[in-house]
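Below: the structure, in structure tokens.
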Amino acid sequence: MDVDATEPAPPAPAVPDAPAAADAPEAPVAPSAVATSAVPDAPAASAAPAAAAASSEPAPAPVLEPEPIAASAMDIDPATDGPVSTAPARAEGSTTVVFPQAAPAPDVFTAEPANAAASSSAPMALANGQAASPTPVDPSQSGALLAPTADAEEPPVERRRIARTGYVYDPLMMLHCQDGYTPTEDHVEDNGEGHPEEPMRIKRIFKRLRESNLIQRMKQLPSKEVTRDQVILVHTEDHWDKVQGLEMLTDEYIQESKQYFEQLSLYVCRETAHCARLSCGGTIEACMAVCKGEVRNAFAIVRPPGHHAEPDEHMGFCFFNNVAVAAREVMREGLAKKVLILDWDVHHGNGTQRAFYDDGDVLYISLHRHDGGRFYPTSDFGALDVVGEGKGEGKSVNIPWPCGGFGDADYIYAFQKIVMPIAYEFAPDLVIISAGFDAADGDQLGGCNVTPAGYGHMTHMLCALAGGKVVVALEGGYNLRAISDSSLAVAQVLLGETPEELGPLEASELATEVVYQVAQVQSKYWKSINVPACEPTEASALEDGASPTVSIPDLLKIYRAHHLFSKYGLYQIPLASEELEEAFGGQVICNEDVYSAGESSTLVVFVHDFGNLRVETDGVSTTDIHMTNSYLLDTSDTIVQWVLGNGYNLIDVNILKQIPTRFASTGPKQIIKEGPKAEGQLIRYLWDNYIELSEAENVVLIGHGTACNVVMDLVNNREVERKVKAVVQVAGLHSIVRISPTNDSRRAWFRQNNQIYVPQEHILLDDETVKRRLGGHVMTSDKSRVVDVLQDVLPQIKEFVASRVPAPKPAETSQANGVHAAAVVAAA
């Protein structure tokens with residue numbers, strides 16, 4: 001690199017970027033000790049045709065001039081042809097950075113092709129090589145430019161039209177760089193051991209668009225600095241002050257704090273704050289222009305990126321959250337009510353998601369590598385079950401890839417199954433793409449394989465939303481060839497071109513599994529998500545058309561029915577209701593003589609779910625089950641053995657419908673009014689058709705775990721007082737259904753015949769009033785797990801039941817299966 005340790009760069013006048021009055025003096029530019037970038041792609045000043053009216057030739061086609069751009073937003077140092085730093089001057093002897101020189105780029109949007117009428121729109125040249133200020137045009141004489149001469153044919157009147165695509169690009173944003181940075185040469189794709197977020201990223205993108213003649217078809221938008229009032233729409237005031245303070249850092253302090261900033265995945269210099277303001281402000285200007293109808297869509301070629309910046313912290317190469325601040329600003333201005341932010345950067349946009357986590361008007365969708373929380377930013381905030389909170393619940397949609405290697409087929413599949421259905425249902429007024437290109441093929445930091453055509457197709461789909469109001473804001477992407485080619489494909493789509501054709505696509509098994517899991521989570525919030533359509537196809541149908549798959553709950557049901565028959569000779573009770581048979585078929589089992597028991601016999605109805613299924617995975621980042629170390633803990637046999645061994649009759653009710661995978665984040669309430677509806681319907685059906693019709697006049701209801709609520713549903717909704725002699729509830733740390741307060745006689749009966757067993761840390765033990773509402777007789781166990789509580793209090797249960805029902809006759813007790821006794825037990 002070039003080092004100038006002797007004298008600062010000489011002062012030079014600024015070249016105006018917009019037409020100015022003829023008598024206005026040129027504004028001087030303050031000298032800077034930092035030798036600034038001779039950025040080859042700095043847009044040239046606008047120029048008006050010179051003396052067109054005096055020409056004997058017909059007037060040229062009308063030129064559509066862009067809006068004037070403030071000179072302060074595009075100051076160029078004539079001595080270097082590069083951006084002028086606005087940061088405080090470095091001390092004499094400090095290191096300076098010199099960027100390679102090249103010709104400036106055009107910035108005028110015209111109705112003609114880029115190479116047409118070059119002489120009519122070129123600025124006049126002065127002897128010193130500087131461009132002359134354009135001649136101001138008197139609006140009253142503007143016809144001299146547009147009207148034909150007397151001998152010329154009158155051209156058709158062309159109506160001013162809206163530019164299809166705008167762009168934001170300011171070479172001043174290249175001033176944010178590491179100390180000692182040497183610009184990467186044009187033929188190099190990756191800067192090797194240098195920092196990946198380097199200044200040449202935006203230059204390469206701009207150059208690629210210009211060489212492909214796209215910039216000439218786009219309208220340049222002003223690159224204004226973001227204001228404090230705009231930043232604090234998302235960030236804290238302390239964060240604003242912290243970033244602004246970077247301008248005052250000394251070289252010594254920057255070196256001393258280097259390790260601190262590296263822990264945040266940052267580097268800083270005195271120009272960093274200025275570049276961050278330009279990057280955020282440019283993104284805002286792009287969104288404002290699109291929302292106001294000045295352009296149909298826009299591409300903000302900005303840096304530093306922003307989606308990792310949290311409300312109170314800069315991190316991950318990001319200082320201000322560009323897209324978040326822009327979204328807040330357009331919403332504050334009333335230009336959009338609902339905004340979709342689609343983040344396809346390979347890293348999760350933790351800052352953007354956090355900014356709108358409880359906001360129902362901003363939908364954040366992110367496709368990113370998660371790797372079980374090990375991929376940057378290394379947290380579970382990007383997991384698929386993180387969906388927002390409050391009004392924003394369901395407005396955070398995370399599609400987390402478990403590793404690298406995902407490509408076009410996987411991303412397009414996720415778009416078709418998750419992104420676009422949700423986006424259409426949300427119906428945004430504006431779409432902002434957090435366009436990180438680090439999932440691109442060739443980017444070693446991302447390790448994925450999305451091609452430029454893949455990015456083009458994703459952009460094409462998003463352009464169908466919000467009436468085409470789409471803003472693409474650059475985030476990450478660190479392979480200079482990949483980000484240039486990908487940006488080109490995106491810009492072509494923005495300009496109305498058809499994306500390059502993709503070959504046959506088939507999503508990987510991993511991708512289909514991730515999308516299926518996301519669909520299961522998001523279907524709770526979005527009607528458009530079709531979960532069965534997302535379910536991976538694991539095997540084809542059998543010859544008879546039957547499915548070869550068997551669910552885990554079905555396996556458990558089959559196991560229990562077989563176990564109880566082979567060990568105790570118990571049989572299944574058929575359910576005449578199709579609805580109940582579908583949900584609980586094969587889960588109600590009884591002993592052979594339950595219907596022929598005499599009046600003096602005892603019937604125990606045992607209601608429970610299946611027990612505890614202990615599953616160990618192969619690691620925290622996978623859902624693969626370690627089969628050897630996974631098992632079922634079922635203690636219900638303890639009750640069955642006791643019931644049948646005492647000569648009682650048994651109806652065993654297993655209320656398992658599905659294996660629970662999600663639990664309430666809040667703790668249980670002390671008491672609730674009613675239990676689950678489907679299980680309540682089942683127990684009432686059994687009472688009406690079997691238990692009440694039984695000859696047995698002594699019925700015992702025993703509830704275990706969550707099934708205690710099913711037993712209480714029966715007590716509260718049927719006249720059970722005549723037959724039921726005892727109600728036993730063995731509860732875990734969950735809510736308990738109270739006895740109905742509207743029936744005084746039943747409440748009195750319940751207090752005399754009920755016992756509740758709970759862990760000693762259960763919340764209801766802290767409130768005597770609550771215990772009275774539950775009927776009193778609340779016993780405790782020093783065990784915590786509900787399966788252990790049952791084993792611990794079983795002697796007390798036996799004693800309590802024996803005190804409420806007559807002792808069985810010796811002949812009945814000696815029978816092998818205790819067919820003359822039946823007990824109703826509810827178990828978790």
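Every chain in the structure tokens takes a letter, A first, then B, and so on in the order presented; its residues are numbered from 1, and the ligands are numbered from 1 following the presented order.
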Would you give me, as an mmCIF file with N, CA, C and O atoms, in the first residue's frame, the residues in region 482-646 of chain A that DSSP reads as helix (DSSP H, G or I)?
data_model
loop_
_atom_site.group_PDB
_atom_site.id
_atom_site.type_symbol
_atom_site.label_atom_id
_atom_site.label_comp_id
_atom_site.auth_asym_id
_atom_site.auth_seq_id
_atom_site.Cartn_x
_atom_site.Cartn_y
_atom_site.Cartn_z
ATOM 1 N N ALA A 482 -18.686 -13.891 -6.603
ATOM 2 C CA ALA A 482 -20.033 -14.397 -6.323
ATOM 3 C C ALA A 482 -21.010 -13.259 -6.052
ATOM 4 O O ALA A 482 -22.146 -13.275 -6.547
ATOM 5 N N ILE A 483 -20.594 -12.254 -5.263
ATOM 6 C CA ILE A 483 -21.537 -11.170 -4.964
ATOM 7 C C ILE A 483 -21.794 -10.317 -6.200
ATOM 8 O O ILE A 483 -22.902 -9.795 -6.374
ATOM 9 N N SER A 484 -20.809 -10.191 -7.084
ATOM 10 C CA SER A 484 -21.010 -9.404 -8.305
ATOM 11 C C SER A 484 -21.969 -10.114 -9.247
ATOM 12 O O SER A 484 -22.912 -9.504 -9.774
ATOM 13 N N ASP A 485 -21.755 -11.417 -9.464
ATOM 14 C CA ASP A 485 -22.630 -12.177 -10.359
ATOM 15 C C ASP A 485 -24.047 -12.280 -9.785
ATOM 16 O O ASP A 485 -25.037 -12.176 -10.516
ATOM 17 N N SER A 486 -24.155 -12.490 -8.475
ATOM 18 C CA SER A 486 -25.475 -12.609 -7.844
ATOM 19 C C SER A 486 -26.213 -11.279 -7.889
ATOM 20 O O SER A 486 -27.423 -11.230 -8.164
ATOM 21 N N SER A 487 -25.505 -10.182 -7.635
ATOM 22 C CA SER A 487 -26.128 -8.859 -7.695
ATOM 23 C C SER A 487 -26.603 -8.544 -9.113
ATOM 24 O O SER A 487 -27.654 -7.932 -9.307
ATOM 25 N N LEU A 488 -25.819 -8.966 -10.099
ATOM 26 C CA LEU A 488 -26.213 -8.761 -11.486
ATOM 27 C C LEU A 488 -27.529 -9.479 -11.782
ATOM 28 O O LEU A 488 -28.438 -8.909 -12.400
ATOM 29 N N ALA A 489 -27.648 -10.735 -11.340
ATOM 30 C CA ALA A 489 -28.873 -11.503 -11.585
ATOM 31 C C ALA A 489 -30.076 -10.851 -10.909
ATOM 32 O O ALA A 489 -31.174 -10.790 -11.486
ATOM 33 N N VAL A 490 -29.875 -10.333 -9.700
ATOM 34 C CA VAL A 490 -30.965 -9.671 -8.978
ATOM 35 C C VAL A 490 -31.353 -8.378 -9.676
ATOM 36 O O VAL A 490 -32.546 -8.076 -9.868
ATOM 37 N N ALA A 491 -30.360 -7.571 -10.074
ATOM 38 C CA ALA A 491 -30.647 -6.301 -10.740
ATOM 39 C C ALA A 491 -31.364 -6.517 -12.065
ATOM 40 O O ALA A 491 -32.243 -5.727 -12.448
ATOM 41 N N GLN A 492 -31.011 -7.550 -12.801
ATOM 42 C CA GLN A 492 -31.687 -7.837 -14.059
ATOM 43 C C GLN A 492 -33.174 -8.109 -13.835
ATOM 44 O O GLN A 492 -34.019 -7.653 -14.612
ATOM 45 N N VAL A 493 -33.490 -8.834 -12.772
ATOM 46 C CA VAL A 493 -34.902 -9.099 -12.465
ATOM 47 C C VAL A 493 -35.605 -7.809 -12.066
ATOM 48 O O VAL A 493 -36.745 -7.558 -12.474
ATOM 49 N N LEU A 494 -34.948 -6.969 -11.268
ATOM 50 C CA LEU A 494 -35.547 -5.693 -10.883
ATOM 51 C C LEU A 494 -35.864 -4.842 -12.108
ATOM 52 O O LEU A 494 -36.852 -4.103 -12.131
ATOM 53 N N GLU A 509 -33.143 -34.205 1.155
ATOM 54 C CA GLU A 509 -33.940 -34.765 2.255
ATOM 55 C C GLU A 509 -33.875 -33.881 3.488
ATOM 56 O O GLU A 509 -34.867 -33.698 4.194
ATOM 57 N N LEU A 510 -32.686 -33.320 3.759
ATOM 58 C CA LEU A 510 -32.547 -32.432 4.912
ATOM 59 C C LEU A 510 -33.435 -31.203 4.760
ATOM 60 O O LEU A 510 -34.087 -30.770 5.719
ATOM 61 N N ALA A 511 -33.463 -30.632 3.561
ATOM 62 C CA ALA A 511 -34.267 -29.431 3.341
ATOM 63 C C ALA A 511 -35.757 -29.717 3.506
ATOM 64 O O ALA A 511 -36.487 -28.938 4.133
ATOM 65 N N THR A 512 -36.215 -30.829 2.965
ATOM 66 C CA THR A 512 -37.639 -31.153 3.091
ATOM 67 C C THR A 512 -38.016 -31.415 4.545
ATOM 68 O O THR A 512 -39.121 -31.069 4.975
ATOM 69 N N GLU A 513 -37.104 -31.992 5.310
ATOM 70 C CA GLU A 513 -37.382 -32.233 6.730
ATOM 71 C C GLU A 513 -37.452 -30.916 7.492
ATOM 72 O O GLU A 513 -38.339 -30.717 8.334
ATOM 73 N N VAL A 514 -36.521 -29.996 7.217
ATOM 74 C CA VAL A 514 -36.542 -28.691 7.887
ATOM 75 C C VAL A 514 -37.818 -27.943 7.545
ATOM 76 O O VAL A 514 -38.495 -27.379 8.419
ATOM 77 N N VAL A 515 -38.174 -27.923 6.266
ATOM 78 C CA VAL A 515 -39.379 -27.211 5.839
ATOM 79 C C VAL A 515 -40.617 -27.814 6.480
ATOM 80 O O VAL A 515 -41.541 -27.091 6.894
ATOM 81 N N TYR A 516 -40.654 -29.138 6.607
ATOM 82 C CA TYR A 516 -41.798 -29.800 7.257
ATOM 83 C C TYR A 516 -41.920 -29.376 8.718
ATOM 84 O O TYR A 516 -43.024 -29.069 9.195
ATOM 85 N N GLN A 517 -40.794 -29.325 9.418
ATOM 86 C CA GLN A 517 -40.830 -28.904 10.819
ATOM 87 C C GLN A 517 -41.240 -27.435 10.953
ATOM 88 O O GLN A 517 -41.994 -27.069 11.858
ATOM 89 N N VAL A 518 -40.758 -26.594 10.043
ATOM 90 C CA VAL A 518 -41.166 -25.186 10.056
ATOM 91 C C VAL A 518 -42.663 -25.076 9.794
ATOM 92 O O VAL A 518 -43.368 -24.285 10.437
ATOM 93 N N ALA A 519 -43.160 -25.861 8.844
ATOM 94 C CA ALA A 519 -44.589 -25.831 8.527
ATOM 95 C C ALA A 519 -45.436 -26.219 9.732
ATOM 96 O O ALA A 519 -46.497 -25.619 9.982
ATOM 97 N N GLN A 520 -44.994 -27.203 10.492
ATOM 98 C CA GLN A 520 -45.743 -27.614 11.682
ATOM 99 C C GLN A 520 -45.837 -26.477 12.693
ATOM 100 O O GLN A 520 -46.874 -26.279 13.325
ATOM 101 N N VAL A 521 -44.753 -25.727 12.848
ATOM 102 C CA VAL A 521 -44.747 -24.614 13.795
ATOM 103 C C VAL A 521 -45.582 -23.456 13.271
ATOM 104 O O VAL A 521 -46.437 -22.907 13.973
ATOM 105 N N GLN A 522 -45.367 -23.064 12.029
ATOM 106 C CA GLN A 522 -45.995 -21.855 11.487
ATOM 107 C C GLN A 522 -47.466 -22.055 11.126
ATOM 108 O O GLN A 522 -48.207 -21.076 10.995
ATOM 109 N N VAL A 531 -49.510 -28.313 5.979
ATOM 110 C CA VAL A 531 -48.538 -29.205 6.611
ATOM 111 C C VAL A 531 -48.442 -30.554 5.899
ATOM 112 O O VAL A 531 -47.329 -31.027 5.622
ATOM 113 N N PRO A 532 -49.564 -31.219 5.572
ATOM 114 C CA PRO A 532 -49.437 -32.510 4.871
ATOM 115 C C PRO A 532 -48.676 -32.392 3.547
ATOM 116 O O PRO A 532 -47.950 -33.306 3.170
ATOM 117 N N ALA A 533 -48.830 -31.260 2.859
ATOM 118 C CA ALA A 533 -48.125 -31.089 1.585
ATOM 119 C C ALA A 533 -46.623 -30.938 1.781
ATOM 120 O O ALA A 533 -45.850 -31.139 0.842
ATOM 121 N N CYS A 534 -46.203 -30.574 2.989
ATOM 122 C CA CYS A 534 -44.780 -30.404 3.286
ATOM 123 C C CYS A 534 -44.149 -31.660 3.871
ATOM 124 O O CYS A 534 -42.926 -31.710 4.031
ATOM 125 N N ILE A 552 -45.478 -43.353 16.351
ATOM 126 C CA ILE A 552 -45.045 -43.781 17.679
ATOM 127 C C ILE A 552 -46.237 -43.992 18.618
ATOM 128 O O ILE A 552 -46.286 -45.011 19.329
ATOM 129 N N PRO A 553 -47.236 -43.089 18.664
ATOM 130 C CA PRO A 553 -48.401 -43.371 19.522
ATOM 131 C C PRO A 553 -49.098 -44.677 19.176
ATOM 132 O O PRO A 553 -49.532 -45.405 20.064
ATOM 133 N N ASP A 554 -49.204 -44.977 17.858
ATOM 134 C CA ASP A 554 -49.838 -46.246 17.470
ATOM 135 C C ASP A 554 -49.020 -47.442 17.940
ATOM 136 O O ASP A 554 -49.566 -48.468 18.364
ATOM 137 N N LEU A 555 -47.699 -47.317 17.865
ATOM 138 C CA LEU A 555 -46.848 -48.398 18.356
ATOM 139 C C LEU A 555 -47.053 -48.620 19.852
ATOM 140 O O LEU A 555 -47.104 -49.769 20.330
ATOM 141 N N LEU A 556 -47.169 -47.539 20.604
ATOM 142 C CA LEU A 556 -47.374 -47.655 22.049
ATOM 143 C C LEU A 556 -48.730 -48.282 22.371
ATOM 144 O O LEU A 556 -48.850 -49.085 23.297
ATOM 145 N N LYS A 557 -49.758 -47.931 21.598
ATOM 146 C CA LYS A 557 -51.082 -48.515 21.816
ATOM 147 C C LYS A 557 -51.044 -50.028 21.563
ATOM 148 O O LYS A 557 -51.597 -50.824 22.333
ATOM 149 N N ILE A 558 -50.407 -50.406 20.451
ATOM 150 C CA ILE A 558 -50.316 -51.836 20.111
ATOM 151 C C ILE A 558 -49.548 -52.600 21.189
ATOM 152 O O ILE A 558 -49.946 -53.694 21.603
ATOM 153 N N TYR A 559 -48.467 -52.004 21.656
ATOM 154 C CA TYR A 559 -47.674 -52.654 22.696
ATOM 155 C C TYR A 559 -48.504 -52.875 23.965
ATOM 156 O O TYR A 559 -48.498 -53.968 24.539
ATOM 157 N N ARG A 560 -49.235 -51.832 24.397
ATOM 158 C CA ARG A 560 -49.958 -51.960 25.664
ATOM 159 C C ARG A 560 -51.083 -52.987 25.560
ATOM 160 O O ARG A 560 -51.309 -53.776 26.485
ATOM 161 N N ALA A 561 -51.814 -52.977 24.437
ATOM 162 C CA ALA A 561 -52.892 -53.958 24.276
ATOM 163 C C ALA A 561 -52.341 -55.381 24.305
ATOM 164 O O ALA A 561 -52.908 -56.277 24.950
ATOM 165 N N HIS A 562 -51.246 -55.598 23.631
ATOM 166 C CA HIS A 562 -50.636 -56.931 23.615
ATOM 167 C C HIS A 562 -50.119 -57.312 25.007
ATOM 168 O O HIS A 562 -50.303 -58.456 25.457
ATOM 169 N N HIS A 563 -49.490 -56.357 25.687
ATOM 170 C CA HIS A 563 -48.928 -56.622 27.003
ATOM 171 C C HIS A 563 -50.014 -56.995 28.009
ATOM 172 O O HIS A 563 -49.874 -57.987 28.758
ATOM 173 N N LEU A 564 -51.106 -56.230 28.038
ATOM 174 C CA LEU A 564 -52.162 -56.503 29.013
ATOM 175 C C LEU A 564 -52.914 -57.802 28.699
ATOM 176 O O LEU A 564 -53.406 -58.482 29.611
ATOM 177 N N PHE A 565 -52.994 -58.163 27.440
ATOM 178 C CA PHE A 565 -53.660 -59.424 27.109
ATOM 179 C C PHE A 565 -52.781 -60.615 27.472
ATOM 180 O O PHE A 565 -53.230 -61.579 28.094
ATOM 181 N N SER A 566 -51.520 -60.564 27.076
ATOM 182 C CA SER A 566 -50.642 -61.707 27.304
ATOM 183 C C SER A 566 -50.326 -61.907 28.780
ATOM 184 O O SER A 566 -50.148 -63.042 29.235
ATOM 185 N N LYS A 567 -50.287 -60.816 29.577
ATOM 186 C CA LYS A 567 -49.911 -60.953 30.984
ATOM 187 C C LYS A 567 -51.110 -61.090 31.904
ATOM 188 O O LYS A 567 -51.055 -61.854 32.890
ATOM 189 N N TYR A 568 -52.234 -60.387 31.573
ATOM 190 C CA TYR A 568 -53.375 -60.389 32.507
ATOM 191 C C TYR A 568 -54.670 -60.895 31.873
ATOM 192 O O TYR A 568 -55.690 -60.973 32.563
ATOM 193 N N GLU A 578 -67.567 -43.207 15.970
ATOM 194 C CA GLU A 578 -66.460 -43.192 15.010
ATOM 195 C C GLU A 578 -65.384 -42.200 15.415
ATOM 196 O O GLU A 578 -64.188 -42.459 15.249
ATOM 197 N N GLU A 579 -65.809 -41.065 15.950
ATOM 198 C CA GLU A 579 -64.855 -40.034 16.362
ATOM 199 C C GLU A 579 -63.965 -40.539 17.491
ATOM 200 O O GLU A 579 -62.742 -40.359 17.468
ATOM 201 N N LEU A 580 -64.586 -41.182 18.497
ATOM 202 C CA LEU A 580 -63.805 -41.697 19.614
ATOM 203 C C LEU A 580 -62.956 -42.896 19.215
ATOM 204 O O LEU A 580 -61.826 -43.059 19.685
ATOM 205 N N GLU A 581 -63.482 -43.736 18.321
ATOM 206 C CA GLU A 581 -62.720 -44.901 17.876
ATOM 207 C C GLU A 581 -61.465 -44.462 17.129
ATOM 208 O O GLU A 581 -60.397 -45.058 17.271
ATOM 209 N N GLU A 582 -61.599 -43.409 16.331
ATOM 210 C CA GLU A 582 -60.442 -42.912 15.581
ATOM 211 C C GLU A 582 -59.377 -42.354 16.517
ATOM 212 O O GLU A 582 -58.178 -42.526 16.282
ATOM 213 N N ALA A 583 -59.814 -41.675 17.591
ATOM 214 C CA ALA A 583 -58.856 -41.045 18.504
ATOM 215 C C ALA A 583 -58.340 -42.005 19.572
ATOM 216 O O ALA A 583 -57.169 -41.937 19.951
ATOM 217 N N PHE A 584 -59.205 -42.904 20.074
ATOM 218 C CA PHE A 584 -58.832 -43.717 21.233
ATOM 219 C C PHE A 584 -59.042 -45.219 21.010
ATOM 220 O O PHE A 584 -59.063 -45.985 21.977
ATOM 221 N N MET A 627 -31.201 -45.122 19.985
ATOM 222 C CA MET A 627 -32.182 -46.151 20.296
ATOM 223 C C MET A 627 -31.845 -46.922 21.568
ATOM 224 O O MET A 627 -32.726 -47.249 22.368
ATOM 225 N N THR A 628 -30.580 -47.226 21.776
ATOM 226 C CA THR A 628 -30.188 -48.056 22.920
ATOM 227 C C THR A 628 -30.513 -47.374 24.246
ATOM 228 O O THR A 628 -30.909 -48.032 25.215
ATOM 229 N N ASN A 629 -30.356 -46.061 24.293
ATOM 230 C CA ASN A 629 -30.549 -45.326 25.546
ATOM 231 C C ASN A 629 -31.932 -44.684 25.660
ATOM 232 O O ASN A 629 -32.146 -43.841 26.519
ATOM 233 N N SER A 636 -47.951 -48.050 35.282
ATOM 234 C CA SER A 636 -49.371 -48.380 35.448
ATOM 235 C C SER A 636 -49.592 -49.845 35.809
ATOM 236 O O SER A 636 -50.636 -50.211 36.347
ATOM 237 N N ASP A 637 -48.614 -50.702 35.523
ATOM 238 C CA ASP A 637 -48.759 -52.106 35.907
ATOM 239 C C ASP A 637 -48.920 -52.263 37.414
ATOM 240 O O ASP A 637 -49.539 -53.238 37.886
ATOM 241 N N THR A 638 -48.381 -51.339 38.174
ATOM 242 C CA THR A 638 -48.510 -51.414 39.640
ATOM 243 C C THR A 638 -49.972 -51.400 40.054
ATOM 244 O O THR A 638 -50.406 -52.164 40.929
ATOM 245 N N ILE A 639 -50.751 -50.528 39.420
ATOM 246 C CA ILE A 639 -52.181 -50.445 39.725
ATOM 247 C C ILE A 639 -52.899 -51.700 39.240
ATOM 248 O O ILE A 639 -53.753 -52.262 39.947
ATOM 249 N N VAL A 640 -52.606 -52.157 38.037
ATOM 250 C CA VAL A 640 -53.276 -53.323 37.474
ATOM 251 C C VAL A 640 -53.060 -54.548 38.367
ATOM 252 O O VAL A 640 -54.004 -55.299 38.668
ATOM 253 N N GLN A 641 -51.840 -54.747 38.814
ATOM 254 C CA GLN A 641 -51.544 -55.892 39.675
ATOM 255 C C GLN A 641 -52.324 -55.811 40.983
ATOM 256 O O GLN A 641 -52.877 -56.813 41.461
ATOM 257 N N TRP A 642 -52.375 -54.631 41.581
ATOM 258 C CA TRP A 642 -53.099 -54.476 42.844
ATOM 259 C C TRP A 642 -54.593 -54.711 42.669
ATOM 260 O O TRP A 642 -55.226 -55.404 43.468
ATOM 261 N N VAL A 643 -55.163 -54.135 41.618
ATOM 262 C CA VAL A 643 -56.604 -54.267 41.384
ATOM 263 C C VAL A 643 -56.995 -55.720 41.175
ATOM 264 O O VAL A 643 -57.901 -56.251 41.831
ATOM 265 N N LEU A 644 -56.330 -56.376 40.247
ATOM 266 C CA LEU A 644 -56.701 -57.756 39.942
ATOM 267 C C LEU A 644 -56.334 -58.701 41.082
ATOM 268 O O LEU A 644 -57.032 -59.695 41.332
ATOM 269 N N GLY A 645 -55.256 -58.395 41.798
ATOM 270 C CA GLY A 645 -54.856 -59.240 42.925
ATOM 271 C C GLY A 645 -55.820 -59.189 44.075
ATOM 272 O O GLY A 645 -55.887 -60.135 44.882
#
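The smallest atom-to-atom distance between Ser223 (chain A) and any of A:Leu172, A:Leu209, A:Ile202, A:Asp186, using only C-alpha atoms, is found for A:Leu172.
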Review point. Between A:Ile412, A:Met288, A:Ala696, A:Val302, which has the minimum distance to Arg328 (chain A) (counting only C-alpha atoms)?
Key: A:Met288
